[in-house]
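Shown next, in structure tokens, is the structure this report addresses.
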Amino acid sequence: MSESENIFYVSTRGMGERLTAGQAILKGISDDGGLFVPEKIPGLKTPLKDLINLDYRQLATEIFKHFLTDFTDDEIINCVNNAYDHKFDCPEIAPLVSKGGYNFLELFHGKTCAFKDMALSILPYFMKTAALKNGMDKKIIILVSTSGDTGKAALEAFANVPGTGIFVMYPHGKVSKIQQLQMETQEGDNTFVLGINGNFDDCQTTMKKILTDHSVKQFLISHNAVFSSANSINFGRLLPQVVYYFYAYGQMVHNGEIKLGESLNFTVPTGNFGNILAGYYAKVMGLPINKLICASNVNKVLTDFFQKGEYDKNRPFKTTISPSMDILISSNLERLLYHLGFNTFEKMNELKQNGKYNVDLSKTGEFFGECALEEETLEAIAEVFEKGYLMDTHTAVACSCYNKYLEQTGDNTKNVIISTASPFKFAGSVLKGLNIGYNDDIEALKILSEKSSCEIPKNILDVLKKPVLHSNISDKGEAIQFLEKFINTY
Ligand SMILES: *Cc1c(COP(=O)(O)O)cnc(C)c1O
């Protein structure tokens with residue numbers, strides 16, 4: 001690509017740094033606390049009619065070339081081939097399943113059975129490539145805060161990767177039994193898992209604080225290490241997610257649901273606003289997307305935001321049956337605000353100071369916010385199961401929100417529901433939706449398998465057999481001590 005087509009990355013808060021993609025991915029978050037974004041989202045250089053004929057790996061390579069302009073084609077191909085291989089349990093990587101009048105894009109066929117695998121399978125390869133290119137010889141400490149799924153996916157991705165260490169914080173008691181076991185049984189000398197007494201926002205705020213803390217920075221320098229992030233604040237997490245919007249579109253064309261060029265809606269179960277933001281990137285690049293329907297559970301900060309133009313996190317945090325969406329501060333919204341031309345620095349200051357800010361909604365027309373109550377989520381599971389498809393609680397939130405969208409708008413644009421987790425990851429809650437009793441979470445897996453005639457994913461069965469290796473729990477204020485001890489000893 002010619003020099004003029006190089007894409008550089010800047011902070012959403014507008015301070016100084018202008019980095020290559022590789023540098024932005026290595027760094028994770030900007031020193032000013034902002035998130036890295038491409039100065040401009042590139043338009044498609046390959047015609048859509050060609051993109052839809054590519055397999056997942058070829059398509060990923062094409063999309064990445066638009067953004068990773070500091071990587072060679074061979075480097076990109078190498079990352080892609082290492083990431084999207086037999087780790088996924090089906091050759092399509094992200095299959096589209098049309099059942100019961102709905103189209104589901106299944107993003108849970110990776111190692112940890114949730115959509116985080118789509119991006120985290122490739123992030124270590126992006127980082128390794130970027131480290132080599134930039135002559136970085138320091139140890140990379142990956143910091144992760146997780147509402148349940150990112151933690152395990154990041155642990156799997158970085159376990160035993162030379163030159164890296166991974167430190168995960170999760171809200172103790174607020175993740176599903178399977179999610180907790182997945183993390184507690186993680187192998188690898190370079191892994192550390194810490195349960196935090198608090199909720200996901202506490203974990204996320206602690207992480208952002210550590211990432212920008214001056215004395216921690218000095219500690220790292222003296223240990224020849226640097227931090228990076230595997231959360232969706234890292235641009236290397238966001239980018240891989242752009243791919244499957246194109247892939248879903250292609251499958252909808254091939255199965256005759258839409259014609260090439262026709263618009264499509266996507267309904268996305270949303271927490272940190274990473275997944276749906278990737279859909280926005282796809283749209284800006286040129287994928288014909290009509291509405292991006294932002295589905296929330298009862299922690300409906302985003303629904304209120306899109307309906308009223310006010311982001312207000314001052315409200316009680318609720319623990320739900322879709323825990324990966326239990327979030328009151330959706331980090332990636334900051335990126336959207338930046339791309340829409342809002343003064344992000346000012347808005348984020350208001351959020352920090354008052355817990356809220358206002359924006360002019362007329363700029364956000366491509367989004368539609370809806371939310372589902374717990375009962376509605378359970379009802380959706382039962383309704384769709386009757387029609388022959390078993391979905392997890394997060395996907396069910398999306399399904400319920402899509403039905404509300406249809407009722408309100410009558411929009412007959414074809415729709416794809418993003419299916420973000422295997423129902424077996426949340427077996428207990430899914431059974432509740434089907435009105436079937438069970439004694440414990442392990443039994444729930446077996447009953448769900450019998451009732452649905454679906455097999456328990458092998459990676460979930462394996463977790464049940466493994467010994468617990470991580471059992472540390474602390475208050476958020478003590479997380480730094482655990483981290484420094486980890487860096488000292490591993
Ligand atoms: C992380 C996650 C979500 C929310 O995705 P965001 O990118 O944070 O909006 C939804 N469902 C599941 C199963 C998840 O793991």
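Following the order of the structure tokens, first chain is A, next is B, and so on, with residues numbered from 1 inside each chain and ligands from 1 in the order they appear.
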Practice prompt. Show which residues sit within 9 Å of Phe64 of chain A, as a PyMOL selection string. Count only C-alpha atoms, and ignore same-chain residues fewer than 2 positions away.
Written response: chain A and resi 59-62+66-69+76+239-240+243
Could you build a table of the residues in chain A lying no more than 10 Å from ligand 1, giving for each the nearest pair of atoms and their separation in Å rounded to one decimal place, using only C-alpha atoms and all ligand atoms, ordered by chain and ascending residue number, as CSV?
residue,atom,partner,partner_atom_place_in_ligand_line,distance
A:Leu107,CA,ligand 1,13 (C),9.1
A:Phe108,CA,ligand 1,13 (C),8.3
A:Thr112,CA,ligand 1,15 (O),9.9
A:Cys113,CA,ligand 1,13 (C),8.6
A:Ala114,CA,ligand 1,13 (C),5.4
A:Phe115,CA,ligand 1,15 (O),5.9
A:Lys116,CA,ligand 1,15 (O),5.9
A:Asp117,CA,ligand 1,15 (O),9.1
A:Thr146,CA,ligand 1,1 (C),8.4
A:Ser147,CA,ligand 1,1 (C),7.4
A:Gly148,CA,ligand 1,15 (O),6.9
A:Asp149,CA,ligand 1,15 (O),4.6
A:Thr150,CA,ligand 1,15 (O),6.5
A:Gly151,CA,ligand 1,15 (O),9.6
A:Ala153,CA,ligand 1,15 (O),9.4
A:Asn231,CA,ligand 1,8 (O),9.0
A:Ser232,CA,ligand 1,7 (O),6.9
A:Ile233,CA,ligand 1,7 (O),9.9
A:Arg237,CA,ligand 1,7 (O),9.4
A:Leu238,CA,ligand 1,7 (O),8.4
A:Gln241,CA,ligand 1,7 (O),9.1
A:Val268,CA,ligand 1,9 (O),7.7
A:Pro269,CA,ligand 1,10 (C),5.0
A:Thr270,CA,ligand 1,9 (O),3.6
A:Gly271,CA,ligand 1,9 (O),3.6
A:Asn272,CA,ligand 1,8 (O),3.4
A:Phe273,CA,ligand 1,9 (O),3.7
A:Gly274,CA,ligand 1,7 (O),3.5
A:Asn275,CA,ligand 1,7 (O),3.8
A:Ile276,CA,ligand 1,9 (O),6.3
A:Leu277,CA,ligand 1,7 (O),7.8
A:Ala278,CA,ligand 1,7 (O),8.6
A:Cys294,CA,ligand 1,9 (O),8.8
A:Ala295,CA,ligand 1,9 (O),9.1
A:Ser296,CA,ligand 1,9 (O),9.0
A:Ser322,CA,ligand 1,11 (N),7.3
A:Pro323,CA,ligand 1,12 (C),8.0
A:Ser324,CA,ligand 1,14 (C),4.7
A:Met325,CA,ligand 1,4 (C),5.2
A:Asp326,CA,ligand 1,4 (C),8.7
A:Ile327,CA,ligand 1,8 (O),8.3
A:Ser330,CA,ligand 1,8 (O),7.4
A:Ser331,CA,ligand 1,8 (O),8.6
A:Asn332,CA,ligand 1,7 (O),8.2
A:Leu333,CA,ligand 1,9 (O),9.6
A:Asp392,CA,ligand 1,13 (C),8.0
A:Thr393,CA,ligand 1,13 (C),8.0
A:His394,CA,ligand 1,11 (N),5.1
A:Thr395,CA,ligand 1,11 (N),7.0
A:Ala396,CA,ligand 1,11 (N),9.9
A:Val397,CA,ligand 1,11 (N),9.3
A:Ala398,CA,ligand 1,10 (C),9.3
A:Ile418,CA,ligand 1,11 (N),8.8
A:Ser419,CA,ligand 1,11 (N),7.7
A:Thr420,CA,ligand 1,13 (C),4.4
A:Ala421,CA,ligand 1,13 (C),4.4
A:Ser422,CA,ligand 1,13 (C),7.9
A:Pro423,CA,ligand 1,13 (C),9.4
A:Lys425,CA,ligand 1,13 (C),8.7
A:Phe426,CA,ligand 1,13 (C),9.3
For the structure I just gave you, how does DSSP split segment 71-292 of chain A - specifically, which residues are alpha helix (DSSP H)? Reply as a compact mmCIF listing (two decimals) with N, CA and C atoms, in the first residue's frame.
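Below you can see result27.txt, which holds the result:
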# COMPACT_ATOMS: atom_id res chain seq x y z
N ASP A 73 1.75 -8.35 4.29
CA ASP A 73 0.69 -9.32 4.01
C ASP A 73 1.03 -10.68 4.64
N ASP A 74 2.30 -11.07 4.53
CA ASP A 74 2.69 -12.37 5.10
C ASP A 74 2.51 -12.41 6.62
N GLU A 75 2.82 -11.30 7.26
CA GLU A 75 2.64 -11.26 8.71
C GLU A 75 1.16 -11.41 9.08
N ILE A 76 0.32 -10.74 8.33
CA ILE A 76 -1.12 -10.84 8.60
C ILE A 76 -1.61 -12.27 8.37
N ILE A 77 -1.20 -12.85 7.25
CA ILE A 77 -1.63 -14.22 6.94
C ILE A 77 -1.17 -15.19 8.01
N ASN A 78 0.04 -14.99 8.49
CA ASN A 78 0.58 -15.85 9.54
C ASN A 78 -0.25 -15.75 10.83
N CYS A 79 -0.60 -14.53 11.21
CA CYS A 79 -1.44 -14.35 12.41
C CYS A 79 -2.78 -15.06 12.21
N VAL A 80 -3.40 -14.84 11.08
CA VAL A 80 -4.73 -15.37 10.81
C VAL A 80 -4.71 -16.91 10.81
N ASN A 81 -3.71 -17.48 10.15
CA ASN A 81 -3.68 -18.94 10.06
C ASN A 81 -3.42 -19.60 11.41
N ASN A 82 -2.67 -18.92 12.26
CA ASN A 82 -2.43 -19.46 13.60
C ASN A 82 -3.66 -19.35 14.50
N ALA A 83 -4.47 -18.34 14.23
CA ALA A 83 -5.61 -18.07 15.12
C ALA A 83 -6.83 -18.91 14.76
N LYS A 116 -15.68 -14.06 22.83
CA LYS A 116 -14.38 -13.44 23.08
C LYS A 116 -13.26 -14.20 22.36
N ASP A 117 -13.47 -15.48 22.10
CA ASP A 117 -12.45 -16.26 21.39
C ASP A 117 -12.20 -15.73 19.98
N MET A 118 -13.19 -15.09 19.39
CA MET A 118 -13.03 -14.60 18.02
C MET A 118 -11.85 -13.62 17.94
N ALA A 119 -11.72 -12.77 18.94
CA ALA A 119 -10.65 -11.77 18.92
C ALA A 119 -9.42 -12.24 19.69
N LEU A 120 -9.65 -12.94 20.81
CA LEU A 120 -8.50 -13.29 21.64
C LEU A 120 -7.66 -14.40 21.05
N LEU A 123 -5.18 -12.13 19.12
CA LEU A 123 -4.47 -11.02 19.77
C LEU A 123 -3.00 -11.35 20.12
N PRO A 124 -2.70 -12.55 20.69
CA PRO A 124 -1.29 -12.82 21.00
C PRO A 124 -0.40 -12.79 19.75
N TYR A 125 -0.95 -13.21 18.62
CA TYR A 125 -0.15 -13.20 17.38
C TYR A 125 0.06 -11.78 16.88
N PHE A 126 -0.97 -10.95 16.99
CA PHE A 126 -0.80 -9.53 16.67
C PHE A 126 0.31 -8.94 17.55
N MET A 127 0.25 -9.26 18.84
CA MET A 127 1.21 -8.66 19.78
C MET A 127 2.63 -9.14 19.50
N LYS A 128 2.77 -10.44 19.27
CA LYS A 128 4.11 -10.98 19.02
C LYS A 128 4.70 -10.35 17.77
N THR A 129 3.87 -10.24 16.72
CA THR A 129 4.33 -9.65 15.47
C THR A 129 4.73 -8.20 15.69
N ALA A 130 3.88 -7.47 16.41
CA ALA A 130 4.16 -6.06 16.66
C ALA A 130 5.42 -5.88 17.51
N ALA A 131 5.62 -6.77 18.49
CA ALA A 131 6.80 -6.67 19.36
C ALA A 131 8.07 -6.86 18.53
N LEU A 132 8.06 -7.84 17.65
CA LEU A 132 9.21 -8.09 16.78
C LEU A 132 9.50 -6.89 15.88
N LYS A 133 8.44 -6.38 15.26
CA LYS A 133 8.60 -5.25 14.32
C LYS A 133 9.14 -4.02 15.00
N ASP A 149 -16.28 -13.92 30.59
CA ASP A 149 -15.84 -14.61 29.39
C ASP A 149 -14.47 -14.19 28.88
N THR A 150 -14.18 -12.89 28.96
CA THR A 150 -12.88 -12.41 28.48
C THR A 150 -11.74 -13.07 29.23
N GLY A 151 -11.90 -13.21 30.55
CA GLY A 151 -10.83 -13.74 31.38
C GLY A 151 -10.35 -15.09 30.88
N LYS A 152 -11.27 -16.01 30.72
CA LYS A 152 -10.88 -17.35 30.28
C LYS A 152 -10.32 -17.33 28.86
N ALA A 153 -10.96 -16.56 27.99
CA ALA A 153 -10.49 -16.53 26.60
C ALA A 153 -9.07 -15.95 26.53
N ALA A 154 -8.79 -14.94 27.35
CA ALA A 154 -7.45 -14.34 27.36
C ALA A 154 -6.44 -15.29 27.98
N LEU A 155 -6.85 -15.99 29.05
CA LEU A 155 -5.95 -16.96 29.69
C LEU A 155 -5.56 -18.05 28.70
N GLU A 156 -6.54 -18.57 27.99
CA GLU A 156 -6.28 -19.61 26.99
C GLU A 156 -5.35 -19.08 25.90
N ALA A 157 -5.57 -17.82 25.52
CA ALA A 157 -4.80 -17.25 24.42
C ALA A 157 -3.34 -17.01 24.80
N PHE A 158 -3.11 -16.57 26.03
CA PHE A 158 -1.75 -16.16 26.41
C PHE A 158 -1.01 -17.19 27.26
N LYS A 177 -20.95 -20.56 37.38
CA LYS A 177 -20.11 -21.62 37.94
C LYS A 177 -19.09 -22.11 36.91
N ILE A 178 -19.55 -22.31 35.70
CA ILE A 178 -18.65 -22.80 34.65
C ILE A 178 -17.57 -21.76 34.34
N GLN A 179 -17.99 -20.49 34.27
CA GLN A 179 -17.00 -19.44 34.01
C GLN A 179 -15.92 -19.43 35.09
N GLN A 180 -16.36 -19.54 36.36
CA GLN A 180 -15.40 -19.52 37.45
C GLN A 180 -14.44 -20.71 37.38
N LEU A 181 -15.01 -21.89 37.14
CA LEU A 181 -14.17 -23.10 37.03
C LEU A 181 -13.19 -22.99 35.87
N GLN A 182 -13.67 -22.42 34.77
CA GLN A 182 -12.79 -22.27 33.61
C GLN A 182 -11.54 -21.47 33.99
N MET A 183 -11.74 -20.42 34.77
CA MET A 183 -10.59 -19.58 35.14
C MET A 183 -9.76 -20.22 36.24
N GLU A 184 -10.44 -20.80 37.25
CA GLU A 184 -9.72 -21.37 38.38
C GLU A 184 -8.84 -22.57 38.00
N PHE A 200 -18.12 -6.03 38.12
CA PHE A 200 -17.22 -5.89 36.97
C PHE A 200 -16.68 -4.47 36.84
N ASP A 201 -17.53 -3.48 37.10
CA ASP A 201 -17.05 -2.10 36.98
C ASP A 201 -15.89 -1.84 37.94
N ASP A 202 -15.94 -2.46 39.14
CA ASP A 202 -14.82 -2.33 40.08
C ASP A 202 -13.54 -2.92 39.48
N CYS A 203 -13.68 -4.06 38.82
CA CYS A 203 -12.52 -4.70 38.19
C CYS A 203 -11.97 -3.80 37.07
N GLN A 204 -12.89 -3.27 36.28
CA GLN A 204 -12.48 -2.47 35.13
C GLN A 204 -11.80 -1.17 35.58
N THR A 205 -12.39 -0.53 36.60
CA THR A 205 -11.80 0.72 37.10
C THR A 205 -10.43 0.44 37.73
N THR A 206 -10.32 -0.66 38.46
CA THR A 206 -9.04 -1.03 39.06
C THR A 206 -7.99 -1.22 37.97
N MET A 207 -8.39 -1.89 36.90
CA MET A 207 -7.44 -2.14 35.83
C MET A 207 -6.98 -0.84 35.17
N LYS A 208 -7.95 0.04 34.87
CA LYS A 208 -7.57 1.30 34.23
C LYS A 208 -6.64 2.10 35.14
N LYS A 209 -6.89 2.03 36.46
CA LYS A 209 -6.07 2.74 37.43
C LYS A 209 -4.64 2.17 37.42
N ILE A 210 -4.54 0.85 37.45
CA ILE A 210 -3.21 0.23 37.44
C ILE A 210 -2.46 0.59 36.15
N LEU A 211 -3.19 0.57 35.04
CA LEU A 211 -2.56 0.81 33.74
C LEU A 211 -1.97 2.21 33.64
N THR A 212 -2.53 3.15 34.38
CA THR A 212 -2.05 4.52 34.25
C THR A 212 -1.38 5.02 35.54
N HIS A 214 1.44 5.84 38.16
CA HIS A 214 2.85 6.20 37.96
C HIS A 214 3.81 5.27 38.69
N SER A 215 3.51 4.95 39.95
CA SER A 215 4.46 4.12 40.71
C SER A 215 4.49 2.69 40.18
N VAL A 216 3.35 2.22 39.72
CA VAL A 216 3.34 0.89 39.11
C VAL A 216 4.21 0.90 37.85
N LYS A 217 4.14 2.00 37.14
CA LYS A 217 4.95 2.13 35.93
C LYS A 217 6.45 2.02 36.25
N GLN A 218 6.86 2.68 37.34
CA GLN A 218 8.27 2.60 37.76
C GLN A 218 8.65 1.16 38.11
N PHE A 219 7.74 0.51 38.82
CA PHE A 219 7.96 -0.89 39.19
C PHE A 219 8.20 -1.75 37.94
N LEU A 220 7.38 -1.50 36.94
CA LEU A 220 7.50 -2.27 35.70
C LEU A 220 8.83 -2.02 35.01
N ILE A 221 9.21 -0.74 34.95
CA ILE A 221 10.47 -0.39 34.29
C ILE A 221 11.61 -1.16 34.95
N SER A 222 11.60 -1.20 36.28
CA SER A 222 12.68 -1.88 36.98
C SER A 222 12.63 -3.40 36.77
N PHE A 235 -7.27 -1.99 20.79
CA PHE A 235 -7.76 -1.99 19.41
C PHE A 235 -7.61 -3.37 18.76
N GLY A 236 -6.62 -4.14 19.21
CA GLY A 236 -6.42 -5.48 18.68
C GLY A 236 -7.54 -6.44 19.05
N ARG A 237 -8.39 -6.06 19.98
CA ARG A 237 -9.58 -6.83 20.32
C ARG A 237 -10.74 -6.46 19.42
N LEU A 238 -10.80 -5.19 19.10
CA LEU A 238 -11.93 -4.67 18.32
C LEU A 238 -11.84 -5.14 16.86
N LEU A 239 -10.65 -4.99 16.30
CA LEU A 239 -10.47 -5.25 14.87
C LEU A 239 -10.94 -6.64 14.41
N PRO A 240 -10.55 -7.72 15.10
CA PRO A 240 -10.97 -9.05 14.62
C PRO A 240 -12.50 -9.21 14.57
N GLN A 241 -13.20 -8.40 15.36
CA GLN A 241 -14.64 -8.51 15.42
C GLN A 241 -15.33 -7.89 14.20
N VAL A 242 -14.62 -7.04 13.48
CA VAL A 242 -15.19 -6.43 12.28
C VAL A 242 -15.46 -7.51 11.22
N VAL A 243 -14.58 -8.50 11.22
CA VAL A 243 -14.59 -9.52 10.17
C VAL A 243 -15.94 -10.25 10.08
N TYR A 244 -16.47 -10.67 11.24
CA TYR A 244 -17.64 -11.55 11.17
C TYR A 244 -18.92 -10.83 10.77
N TYR A 245 -18.94 -9.52 10.79
CA TYR A 245 -20.10 -8.82 10.23
C TYR A 245 -20.13 -9.02 8.70
N PHE A 246 -18.96 -8.93 8.09
CA PHE A 246 -18.87 -9.18 6.65
C PHE A 246 -19.20 -10.65 6.35
N TYR A 247 -18.68 -11.52 7.22
CA TYR A 247 -18.87 -12.96 7.00
C TYR A 247 -20.36 -13.33 7.12
N ALA A 248 -21.03 -12.72 8.07
CA ALA A 248 -22.47 -12.97 8.25
C ALA A 248 -23.22 -12.48 7.00
N TYR A 249 -22.82 -11.32 6.52
CA TYR A 249 -23.48 -10.76 5.34
C TYR A 249 -23.34 -11.72 4.16
N GLY A 250 -22.12 -12.22 3.96
CA GLY A 250 -21.86 -13.15 2.86
C GLY A 250 -22.74 -14.39 2.96
N GLN A 251 -22.85 -14.93 4.18
CA GLN A 251 -23.66 -16.14 4.36
C GLN A 251 -25.14 -15.85 4.09
N MET A 252 -25.59 -14.66 4.45
CA MET A 252 -26.99 -14.28 4.19
C MET A 252 -27.24 -14.17 2.69
N VAL A 253 -26.24 -13.72 1.95
CA VAL A 253 -26.38 -13.65 0.48
C VAL A 253 -26.38 -15.07 -0.09
N HIS A 254 -25.44 -15.88 0.35
CA HIS A 254 -25.31 -17.23 -0.22
C HIS A 254 -26.52 -18.11 0.07
N GLY A 274 -18.14 -3.32 22.68
CA GLY A 274 -17.08 -3.66 21.75
C GLY A 274 -17.61 -4.36 20.51
N ASN A 275 -18.43 -5.38 20.73
CA ASN A 275 -18.97 -6.16 19.62
C ASN A 275 -19.75 -5.28 18.65
N ILE A 276 -20.67 -4.51 19.18
CA ILE A 276 -21.53 -3.69 18.32
C ILE A 276 -20.73 -2.57 17.65
N LEU A 277 -19.70 -2.08 18.32
CA LEU A 277 -18.87 -1.04 17.71
C LEU A 277 -18.15 -1.60 16.47
N ALA A 278 -17.76 -2.87 16.55
CA ALA A 278 -17.13 -3.50 15.38
C ALA A 278 -18.12 -3.51 14.21
N GLY A 279 -19.40 -3.68 14.51
CA GLY A 279 -20.43 -3.62 13.47
C GLY A 279 -20.50 -2.22 12.86
N TYR A 280 -20.34 -1.22 13.70
CA TYR A 280 -20.32 0.17 13.22
C TYR A 280 -19.12 0.40 12.28
N TYR A 281 -17.97 -0.15 12.65
CA TYR A 281 -16.79 -0.04 11.79
C TYR A 281 -17.09 -0.68 10.42
N ALA A 282 -17.71 -1.86 10.46
CA ALA A 282 -18.04 -2.56 9.21
C ALA A 282 -18.95 -1.68 8.36
N LYS A 283 -19.90 -1.03 9.00
CA LYS A 283 -20.84 -0.17 8.28
C LYS A 283 -20.11 1.03 7.66
N VAL A 284 -19.26 1.66 8.45
CA VAL A 284 -18.53 2.82 7.92
C VAL A 284 -17.61 2.39 6.77
N MET A 285 -17.05 1.19 6.85
CA MET A 285 -16.19 0.69 5.77
C MET A 285 -16.97 0.49 4.48
Item to complete: Go through A:Ile289, A:Ala230, A:Ile417, A:Leu340 and flag the residue nearest Leu96 of chain A, using only C-alpha atoms for the distances.
Response: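 Answer, going by the shortest atom-to-atom distance: A:Ile417.
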Discussion item. Residues near segment 346-350 of chain A, anyone? I mean within 9 Å using only C-alpha atoms, not counting same-chain ones fewer than 3 positions away, as a ChimeraX atom specification.
Written reply: /A:13,334,337,342-343,353-359
Take the residues from that selection and put them in a file with C-alpha atoms, as a short mmCIF file (atom, residue, chain, number, x, y, z; two decimals), in the first residue's frame.
data_model
loop_
_atom_site.label_atom_id
_atom_site.label_comp_id
_atom_site.auth_asym_id
_atom_site.auth_seq_id
_atom_site.Cartn_x
_atom_site.Cartn_y
_atom_site.Cartn_z
CA ARG A 13 -8.83 11.99 24.48
CA GLU A 334 -15.99 6.45 23.96
CA LEU A 337 -18.35 9.35 20.45
CA PHE A 342 -18.04 14.65 20.02
CA ASN A 343 -15.56 16.17 22.48
CA GLN A 353 -17.09 13.79 37.84
CA ASN A 354 -20.88 13.44 37.71
CA GLY A 355 -21.35 9.90 36.46
CA LYS A 356 -23.22 11.20 33.42
CA TYR A 357 -23.13 13.26 30.25
CA ASN A 358 -25.46 14.28 27.42
CA VAL A 359 -25.06 14.05 23.66
#
Worksheet item: How far is it from atom CA of Asn160 of chain A to atom CA of Lys465 of chain A, in Å with one decimal?
Response: 20.6 Å
Worksheet item: Any idea what's packed within 10 Å of segment 430-438 of chain A, counting only C-alpha atoms, ignoring anything in its chain fewer than 3 positions away? Could you give it as a count of residues only?
Response: 32
Enumerate the residues of segment 133-181 of chain A with a DSSP assignment of strand (DSSP E or B), computed from the backbone, and present them as a compact mmCIF listing (two decimals) with N, CA and C atoms, in the first residue's frame.
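In the end it all went to result_39.txt:
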# COMPACT_ATOMS: atom_id res chain seq x y z
N LYS A 139 9.20 -7.86 28.71
CA LYS A 139 8.12 -8.78 29.03
C LYS A 139 6.79 -8.03 28.91
N ILE A 140 5.79 -8.64 28.33
CA ILE A 140 4.48 -7.98 28.22
C ILE A 140 3.54 -8.59 29.27
N ILE A 141 3.07 -7.75 30.16
CA ILE A 141 2.12 -8.21 31.18
C ILE A 141 0.71 -7.83 30.72
N ILE A 142 -0.08 -8.84 30.43
CA ILE A 142 -1.44 -8.59 29.97
C ILE A 142 -2.36 -8.48 31.18
N LEU A 143 -2.97 -7.32 31.30
CA LEU A 143 -3.92 -7.11 32.39
C LEU A 143 -5.33 -7.28 31.86
N VAL A 144 -6.14 -8.03 32.58
CA VAL A 144 -7.51 -8.27 32.11
C VAL A 144 -8.49 -8.08 33.26
N SER A 145 -9.55 -7.33 33.01
CA SER A 145 -10.68 -7.35 33.91
C SER A 145 -11.81 -8.02 33.15
N THR A 164 5.34 -13.27 27.75
CA THR A 164 4.13 -12.63 28.27
C THR A 164 3.75 -13.21 29.63
N GLY A 165 3.05 -12.42 30.42
CA GLY A 165 2.42 -12.90 31.64
C GLY A 165 0.99 -12.39 31.61
N ILE A 166 0.07 -13.12 32.18
CA ILE A 166 -1.32 -12.65 32.14
C ILE A 166 -1.94 -12.66 33.53
N PHE A 167 -2.54 -11.52 33.89
CA PHE A 167 -3.11 -11.29 35.22
C PHE A 167 -4.59 -10.92 35.04
N VAL A 168 -5.48 -11.76 35.57
CA VAL A 168 -6.92 -11.58 35.33
C VAL A 168 -7.66 -11.26 36.63
N MET A 169 -8.49 -10.23 36.59
CA MET A 169 -9.37 -9.92 37.73
C MET A 169 -10.83 -10.15 37.33
N TYR A 170 -11.56 -10.89 38.17
CA TYR A 170 -12.99 -11.10 37.88
C TYR A 170 -13.80 -10.84 39.15
N PRO A 171 -15.07 -10.44 39.02
CA PRO A 171 -15.89 -10.17 40.20
C PRO A 171 -16.30 -11.49 40.87
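Closest approach to Lys40 of chain A from the set A:Pro316, A:Asn439, A:Tyr338, A:Met15 is made by A:Tyr338, with distances taken over only C-alpha atoms.
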Counting only C-alpha atoms, give me one row per residue of segment 18-114 of chain A with an atom at most 12 Å from an atom of segment 223-227 of chain A, showing the shortest contact pair and its distance in Å to one decimal, sorted by chain then residue number, as JSON lines.
{"residue": "A:Ile25", "atom": "CA", "partner": "A:Phe227", "partner_atom": "CA", "distance": 11.0}
{"residue": "A:Leu26", "atom": "CA", "partner": "A:Phe227", "partner_atom": "CA", "distance": 8.3}
{"residue": "A:Lys27", "atom": "CA", "partner": "A:Phe227", "partner_atom": "CA", "distance": 7.0}
{"residue": "A:Gly28", "atom": "CA", "partner": "A:Phe227", "partner_atom": "CA", "distance": 7.8}
{"residue": "A:Ile29", "atom": "CA", "partner": "A:Phe227", "partner_atom": "CA", "distance": 9.3}
{"residue": "A:Ser30", "atom": "CA", "partner": "A:Phe227", "partner_atom": "CA", "distance": 11.4}
{"residue": "A:Asp31", "atom": "CA", "partner": "A:Phe227", "partner_atom": "CA", "distance": 11.5}
Could those selected residues go to a file with all heavy atoms, as a short mmCIF file (atom, residue, chain, number, x, y, z; two decimals), in the first residue's frame?
data_model
loop_
_atom_site.label_atom_id
_atom_site.label_comp_id
_atom_site.auth_asym_id
_atom_site.auth_seq_id
_atom_site.Cartn_x
_atom_site.Cartn_y
_atom_site.Cartn_z
N ILE A 25 -1.56 -1.59 19.50
CA ILE A 25 -1.96 -2.89 20.05
C ILE A 25 -1.05 -3.29 21.21
O ILE A 25 -1.50 -3.81 22.22
CB ILE A 25 -1.97 -3.96 18.93
CG1 ILE A 25 -3.13 -3.69 17.97
CG2 ILE A 25 -2.05 -5.37 19.51
CD1 ILE A 25 -3.11 -4.52 16.70
N LEU A 26 0.25 -3.01 21.06
CA LEU A 26 1.18 -3.33 22.15
C LEU A 26 0.87 -2.53 23.40
O LEU A 26 0.94 -3.02 24.51
CB LEU A 26 2.62 -3.02 21.71
CG LEU A 26 3.32 -4.06 20.85
CD1 LEU A 26 4.70 -3.55 20.46
CD2 LEU A 26 3.44 -5.39 21.59
N LYS A 27 0.54 -1.28 23.19
CA LYS A 27 0.35 -0.36 24.31
C LYS A 27 -1.00 -0.56 25.01
O LYS A 27 -1.11 -0.43 26.22
CB LYS A 27 0.46 1.07 23.79
CG LYS A 27 0.98 2.04 24.81
CD LYS A 27 1.46 3.31 24.13
CE LYS A 27 1.42 4.48 25.06
NZ LYS A 27 2.14 4.54 26.23
N GLY A 28 -2.02 -0.89 24.24
CA GLY A 28 -3.33 -1.21 24.83
C GLY A 28 -4.19 0.00 25.10
O GLY A 28 -5.29 0.12 24.60
N ILE A 29 -3.68 0.92 25.95
CA ILE A 29 -4.45 2.12 26.29
C ILE A 29 -3.48 3.30 26.24
O ILE A 29 -2.29 3.15 26.50
CB ILE A 29 -5.11 1.97 27.68
CG1 ILE A 29 -6.09 3.13 27.97
CG2 ILE A 29 -4.08 1.86 28.78
CD1 ILE A 29 -6.96 2.89 29.22
N SER A 30 -3.99 4.47 25.88
CA SER A 30 -3.13 5.64 25.77
C SER A 30 -2.78 6.20 27.15
O SER A 30 -3.53 6.03 28.11
CB SER A 30 -3.84 6.70 24.93
OG SER A 30 -3.18 7.94 25.03
N ASP A 31 -1.65 6.87 27.23
CA ASP A 31 -1.22 7.44 28.52
C ASP A 31 -2.21 8.45 29.08
O ASP A 31 -2.27 8.68 30.28
CB ASP A 31 0.15 8.14 28.36
CG ASP A 31 1.25 7.13 28.14
OD1 ASP A 31 1.11 5.98 28.64
OD2 ASP A 31 2.24 7.46 27.45
#
